[in-house]
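Novice: The structure file target14.txt (compact mmCIF, N, CA and C atoms) is provided below.
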```txt
# COMPACT_ATOMS: atom_id res chain seq x y z
N MET A 17 72.55 107.99 152.63
CA MET A 17 71.79 106.85 153.13
C MET A 17 70.85 107.34 154.23
N SER A 18 69.61 106.93 154.18
CA SER A 18 68.63 107.34 155.18
C SER A 18 68.90 106.65 156.52
N ASP A 19 68.32 107.21 157.57
CA ASP A 19 68.44 106.57 158.90
C ASP A 19 67.93 105.14 158.84
N GLU A 20 66.79 104.94 158.17
CA GLU A 20 66.22 103.60 158.07
C GLU A 20 67.18 102.64 157.39
N GLN A 21 67.81 103.07 156.31
CA GLN A 21 68.74 102.19 155.61
C GLN A 21 69.98 101.91 156.45
N GLN A 22 70.44 102.91 157.19
CA GLN A 22 71.60 102.69 158.07
C GLN A 22 71.27 101.64 159.13
N ILE A 23 70.08 101.73 159.70
CA ILE A 23 69.66 100.76 160.71
C ILE A 23 69.52 99.37 160.10
N ARG A 24 68.90 99.28 158.93
CA ARG A 24 68.78 97.99 158.25
C ARG A 24 70.15 97.38 157.96
N THR A 25 71.06 98.20 157.49
CA THR A 25 72.41 97.72 157.17
C THR A 25 73.11 97.20 158.42
N LEU A 26 72.98 97.94 159.52
CA LEU A 26 73.58 97.53 160.80
C LEU A 26 73.00 96.19 161.27
N ILE A 27 71.68 96.07 161.23
CA ILE A 27 71.04 94.83 161.68
C ILE A 27 71.38 93.67 160.75
N GLN A 28 71.40 93.90 159.47
CA GLN A 28 71.74 92.83 158.53
C GLN A 28 73.18 92.36 158.71
N ALA A 29 74.09 93.28 158.97
CA ALA A 29 75.49 92.90 159.23
C ALA A 29 75.59 92.09 160.51
N TRP A 30 74.85 92.50 161.55
CA TRP A 30 74.84 91.76 162.81
C TRP A 30 74.29 90.35 162.59
N ALA A 31 73.17 90.25 161.86
CA ALA A 31 72.55 88.94 161.62
C ALA A 31 73.47 88.04 160.81
N ALA A 32 74.15 88.59 159.83
CA ALA A 32 75.10 87.79 159.03
C ALA A 32 76.24 87.29 159.92
N ALA A 33 76.72 88.15 160.82
CA ALA A 33 77.79 87.74 161.74
C ALA A 33 77.30 86.65 162.67
N ALA A 34 76.08 86.76 163.18
CA ALA A 34 75.51 85.72 164.04
C ALA A 34 75.40 84.42 163.28
N HIS A 35 74.96 84.48 162.05
CA HIS A 35 74.83 83.28 161.20
C HIS A 35 76.19 82.65 160.94
N ASP A 36 77.20 83.49 160.73
CA ASP A 36 78.54 83.01 160.39
C ASP A 36 79.38 82.62 161.60
N GLY A 37 78.89 82.91 162.81
CA GLY A 37 79.68 82.61 164.00
C GLY A 37 80.82 83.58 164.22
N ASP A 38 80.67 84.81 163.75
CA ASP A 38 81.71 85.83 163.84
C ASP A 38 81.48 86.69 165.08
N LEU A 39 82.03 86.25 166.20
CA LEU A 39 81.77 86.89 167.48
C LEU A 39 82.22 88.34 167.51
N ASN A 40 83.38 88.65 166.94
CA ASN A 40 83.87 90.03 166.98
C ASN A 40 82.91 90.99 166.29
N THR A 41 82.36 90.58 165.15
CA THR A 41 81.41 91.44 164.45
C THR A 41 80.07 91.49 165.17
N VAL A 42 79.65 90.38 165.78
CA VAL A 42 78.42 90.38 166.57
C VAL A 42 78.50 91.44 167.67
N LEU A 43 79.65 91.54 168.32
CA LEU A 43 79.83 92.46 169.45
C LEU A 43 80.17 93.88 169.04
N ALA A 44 80.57 94.09 167.79
CA ALA A 44 81.21 95.34 167.36
C ALA A 44 80.45 96.62 167.68
N ASP A 45 79.18 96.66 167.48
CA ASP A 45 78.44 97.92 167.61
C ASP A 45 77.57 97.98 168.86
N HIS A 46 77.93 97.22 169.86
CA HIS A 46 77.15 97.22 171.11
C HIS A 46 77.83 98.08 172.16
N SER A 47 77.01 98.69 172.99
CA SER A 47 77.50 99.49 174.09
C SER A 47 78.09 98.57 175.17
N PRO A 48 79.15 99.01 175.84
CA PRO A 48 79.71 98.19 176.92
C PRO A 48 78.72 97.88 178.03
N ASP A 49 77.70 98.73 178.19
CA ASP A 49 76.72 98.50 179.25
C ASP A 49 75.40 97.94 178.71
N ILE A 50 75.49 97.16 177.65
CA ILE A 50 74.31 96.53 177.05
C ILE A 50 73.51 95.74 178.10
N VAL A 51 72.20 95.76 177.95
CA VAL A 51 71.31 94.89 178.71
C VAL A 51 70.50 94.13 177.68
N MET A 52 70.56 92.79 177.72
CA MET A 52 69.89 91.98 176.73
C MET A 52 68.93 91.01 177.40
N PHE A 53 67.73 90.98 176.90
CA PHE A 53 66.75 89.97 177.28
C PHE A 53 66.46 89.18 176.02
N ASP A 54 66.46 87.87 176.13
CA ASP A 54 66.30 87.02 174.96
C ASP A 54 65.38 85.87 175.31
N VAL A 55 65.04 85.10 174.30
CA VAL A 55 64.21 83.92 174.51
C VAL A 55 64.98 82.88 175.33
N ALA A 56 66.25 82.76 175.01
CA ALA A 56 67.09 81.77 175.71
C ALA A 56 67.41 82.23 177.13
N LEU A 57 67.75 81.28 177.97
CA LEU A 57 68.17 81.60 179.33
C LEU A 57 69.43 82.44 179.30
N PRO A 58 69.74 83.25 180.26
CA PRO A 58 69.03 83.38 181.53
C PRO A 58 67.82 84.30 181.40
N ASN A 59 66.76 83.94 182.07
CA ASN A 59 65.52 84.71 181.99
C ASN A 59 65.64 86.11 182.57
N GLU A 60 66.57 86.32 183.47
CA GLU A 60 66.74 87.64 184.06
C GLU A 60 67.58 88.56 183.17
N GLY A 61 67.98 88.08 182.03
CA GLY A 61 68.75 88.88 181.09
C GLY A 61 70.23 88.89 181.43
N VAL A 62 70.99 89.54 180.58
CA VAL A 62 72.42 89.71 180.83
C VAL A 62 72.73 91.20 180.79
N ARG A 63 73.69 91.58 181.59
CA ARG A 63 74.06 92.99 181.69
C ARG A 63 75.56 93.14 181.49
N GLY A 64 75.91 93.96 180.53
CA GLY A 64 77.31 94.23 180.24
C GLY A 64 77.81 93.42 179.05
N ILE A 65 78.80 93.98 178.37
CA ILE A 65 79.30 93.37 177.14
C ILE A 65 79.94 92.00 177.40
N GLU A 66 80.59 91.81 178.53
CA GLU A 66 81.21 90.51 178.82
C GLU A 66 80.15 89.43 179.01
N ALA A 67 79.08 89.74 179.74
CA ALA A 67 78.00 88.77 179.92
C ALA A 67 77.31 88.48 178.59
N TYR A 68 77.13 89.52 177.78
CA TYR A 68 76.55 89.34 176.44
C TYR A 68 77.45 88.45 175.60
N ARG A 69 78.76 88.70 175.65
CA ARG A 69 79.73 87.88 174.90
C ARG A 69 79.61 86.41 175.31
N ASP A 70 79.42 86.16 176.60
CA ASP A 70 79.33 84.79 177.10
C ASP A 70 78.10 84.03 176.61
N THR A 71 77.09 84.73 176.13
CA THR A 71 75.89 84.05 175.63
C THR A 71 76.11 83.45 174.24
N TRP A 72 77.13 83.91 173.53
CA TRP A 72 77.28 83.52 172.13
C TRP A 72 77.88 82.14 171.90
N PRO A 73 78.91 81.69 172.62
CA PRO A 73 79.44 80.35 172.33
C PRO A 73 78.38 79.24 172.38
N PRO A 74 77.49 79.20 173.38
CA PRO A 74 76.45 78.17 173.34
C PRO A 74 75.52 78.31 172.13
N PHE A 75 75.24 79.54 171.73
CA PHE A 75 74.41 79.75 170.55
C PHE A 75 75.11 79.21 169.31
N PHE A 76 76.40 79.52 169.17
CA PHE A 76 77.15 79.04 168.01
C PHE A 76 77.23 77.50 168.00
N GLN A 77 77.36 76.89 169.17
CA GLN A 77 77.35 75.42 169.25
C GLN A 77 76.00 74.87 168.81
N TRP A 78 74.94 75.47 169.28
CA TRP A 78 73.58 75.06 168.89
C TRP A 78 73.42 75.16 167.38
N GLN A 79 73.87 76.26 166.84
CA GLN A 79 73.77 76.48 165.40
C GLN A 79 74.60 75.46 164.62
N ALA A 80 75.79 75.13 165.13
CA ALA A 80 76.66 74.15 164.47
C ALA A 80 76.06 72.76 164.48
N SER A 81 75.13 72.50 165.41
CA SER A 81 74.50 71.18 165.48
C SER A 81 73.40 71.01 164.43
N GLY A 82 73.15 72.05 163.64
CA GLY A 82 72.16 71.95 162.59
C GLY A 82 71.04 72.96 162.68
N ALA A 83 71.03 73.75 163.74
CA ALA A 83 70.01 74.79 163.87
C ALA A 83 70.24 75.88 162.83
N VAL A 84 69.19 76.58 162.50
CA VAL A 84 69.28 77.63 161.49
C VAL A 84 68.89 78.97 162.11
N PHE A 85 69.75 79.95 161.93
CA PHE A 85 69.47 81.31 162.39
C PHE A 85 69.04 82.12 161.19
N GLN A 86 67.88 82.74 161.27
CA GLN A 86 67.40 83.61 160.20
C GLN A 86 66.92 84.91 160.80
N ASP A 87 67.36 86.00 160.19
CA ASP A 87 66.81 87.29 160.63
C ASP A 87 65.52 87.52 159.85
N ARG A 88 64.68 88.36 160.38
CA ARG A 88 63.40 88.68 159.75
C ARG A 88 63.33 90.15 159.37
N VAL A 89 64.47 90.74 159.08
CA VAL A 89 64.50 92.14 158.67
C VAL A 89 64.10 92.19 157.20
N ALA A 90 63.04 92.90 156.93
CA ALA A 90 62.55 92.99 155.55
C ALA A 90 63.32 94.04 154.78
```
Transcribe the structure of this file into structure tokens.

Specialist:
Amino acid sequence: MSDEQQIRTLIQAWAAAAHDGDLNTVLADHSPDIVMFDVALPNEGVRGIEAYRDTWPPFFQWQASGAVFQDRVA
């Protein structure tokens, strides 16, 4: 498998987990010292795997209310 295909597979698995509300798989391949900046608050970003983990329950609630998560990986 090429590097490109490995990256696509990793991102597609992450996106499927985000869509399915599977927190363990969403977090699985992230570094403990992740720094994430996203569209959603907090605007200053989150630092560390625990802070990143804390961003997901509100996202999953939003999604459960009828929102749709779609990845754009071609």

Novice: As an exercise, work out the distance from atom C of A:Gly82 to atom CA of A:Ile50 in Å and give it to one decimal place.

Specialist: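 Rounded to one decimal, the two atoms are 27.8 Å apart.
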
Novice: Mind pulling up the distance from atom C of A:Gln28 to atom N of A:Asn59?

Specialist: 25.6 Å

Novice: With a distance cut-off of 8 Å and only N, CA and C atoms, select the neighbouring residues of A:Val84, excluding the residue or stretch itself and same-chain residues fewer than 5 positions from it, and output the selection as a list in words.

Specialist: His35, Trp78 and Gln79 of chain A

Novice: Atom CA of A:Thr25 to atom CA of A:Glu60: how many Å, to one decimal?

Specialist: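 We find that atom CA of A:Thr25 and atom CA of A:Glu60 lie 29.3 Å from each other.
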
Novice: Name the residues of chain A that fall into helix (DSSP H, G or I) according to DSSP on the backbone, using the chain letters and numbers of this document, as a PyMOL selection string.

Specialist: chain A and resi 19-36+39-43+65-80

Novice: Report as a list in words all protein, DNA and RNA residues lying within 6.5 Å of A:Val51, evaluated on all atoms listed in the file, omitting residues in the same chain fewer than 3 positions from it.

Specialist: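 Contacts, in chain order: Gly61, Val62, Arg63 and Gly64 of chain A.
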
Novice: If you run DSSP on the backbone, which residues of chain A are strand (DSSP E), as number ranges by chain?

Specialist: A: 51-52, 62-63

Novice: Env of A:Ala34: 8 Å cut, atoms = all atoms listed in the file, seq-sep filter 3 positions within chain, self excluded. Answer as number ranges by chain.

Specialist: A: 28-31, 37-39, 41-43, 75-76, 85-86

Novice: I want to know what sits within 12 Å of A:Met52, based on only C-alpha atoms, with residues of the same chain fewer than 3 positions away left out; could you give that as a tab-separated table (two decimals) with N, CA and C atoms, in the coordinates of the input?

Specialist:
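Saved to part.tsv:
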```tsv
chain	number	residue	atom	x	y	z
A	46	HIS	N	77.93	97.22	169.86
A	46	HIS	CA	77.15	97.22	171.11
A	46	HIS	C	77.83	98.08	172.16
A	47	SER	N	77.01	98.69	172.99
A	47	SER	CA	77.50	99.49	174.09
A	47	SER	C	78.09	98.57	175.17
A	48	PRO	N	79.15	99.01	175.84
A	48	PRO	CA	79.71	98.19	176.92
A	48	PRO	C	78.72	97.88	178.03
A	49	ASP	N	77.70	98.73	178.19
A	49	ASP	CA	76.72	98.50	179.25
A	49	ASP	C	75.40	97.94	178.71
A	55	VAL	N	65.04	85.10	174.30
A	55	VAL	CA	64.21	83.92	174.51
A	55	VAL	C	64.98	82.88	175.33
A	56	ALA	N	66.25	82.76	175.01
A	56	ALA	CA	67.09	81.77	175.71
A	56	ALA	C	67.41	82.23	177.13
A	57	LEU	N	67.75	81.28	177.97
A	57	LEU	CA	68.17	81.60	179.33
A	57	LEU	C	69.43	82.44	179.30
A	58	PRO	N	69.74	83.25	180.26
A	58	PRO	CA	69.03	83.38	181.53
A	58	PRO	C	67.82	84.30	181.40
A	59	ASN	N	66.76	83.94	182.07
A	59	ASN	CA	65.52	84.71	181.99
A	59	ASN	C	65.64	86.11	182.57
A	60	GLU	N	66.57	86.32	183.47
A	60	GLU	CA	66.74	87.64	184.06
A	60	GLU	C	67.58	88.56	183.17
A	61	GLY	N	67.98	88.08	182.03
A	61	GLY	CA	68.75	88.88	181.09
A	61	GLY	C	70.23	88.89	181.43
A	62	VAL	N	70.99	89.54	180.58
A	62	VAL	CA	72.42	89.71	180.83
A	62	VAL	C	72.73	91.20	180.79
A	63	ARG	N	73.69	91.58	181.59
A	63	ARG	CA	74.06	92.99	181.69
A	63	ARG	C	75.56	93.14	181.49
A	64	GLY	N	75.91	93.96	180.53
A	64	GLY	CA	77.31	94.23	180.24
A	64	GLY	C	77.81	93.42	179.05
A	65	ILE	N	78.80	93.98	178.37
A	65	ILE	CA	79.30	93.37	177.14
A	65	ILE	C	79.94	92.00	177.40
A	66	GLU	N	80.59	91.81	178.53
A	66	GLU	CA	81.21	90.51	178.82
A	66	GLU	C	80.15	89.43	179.01
A	67	ALA	N	79.08	89.74	179.74
A	67	ALA	CA	78.00	88.77	179.92
A	67	ALA	C	77.31	88.48	178.59
A	68	TYR	N	77.13	89.52	177.78
A	68	TYR	CA	76.55	89.34	176.44
A	68	TYR	C	77.45	88.45	175.60
A	69	ARG	N	78.76	88.70	175.65
A	69	ARG	CA	79.73	87.88	174.90
A	69	ARG	C	79.61	86.41	175.31
A	70	ASP	N	79.42	86.16	176.60
A	70	ASP	CA	79.33	84.79	177.10
A	70	ASP	C	78.10	84.03	176.61
A	71	THR	N	77.09	84.73	176.13
A	71	THR	CA	75.89	84.05	175.63
A	71	THR	C	76.11	83.45	174.24
```
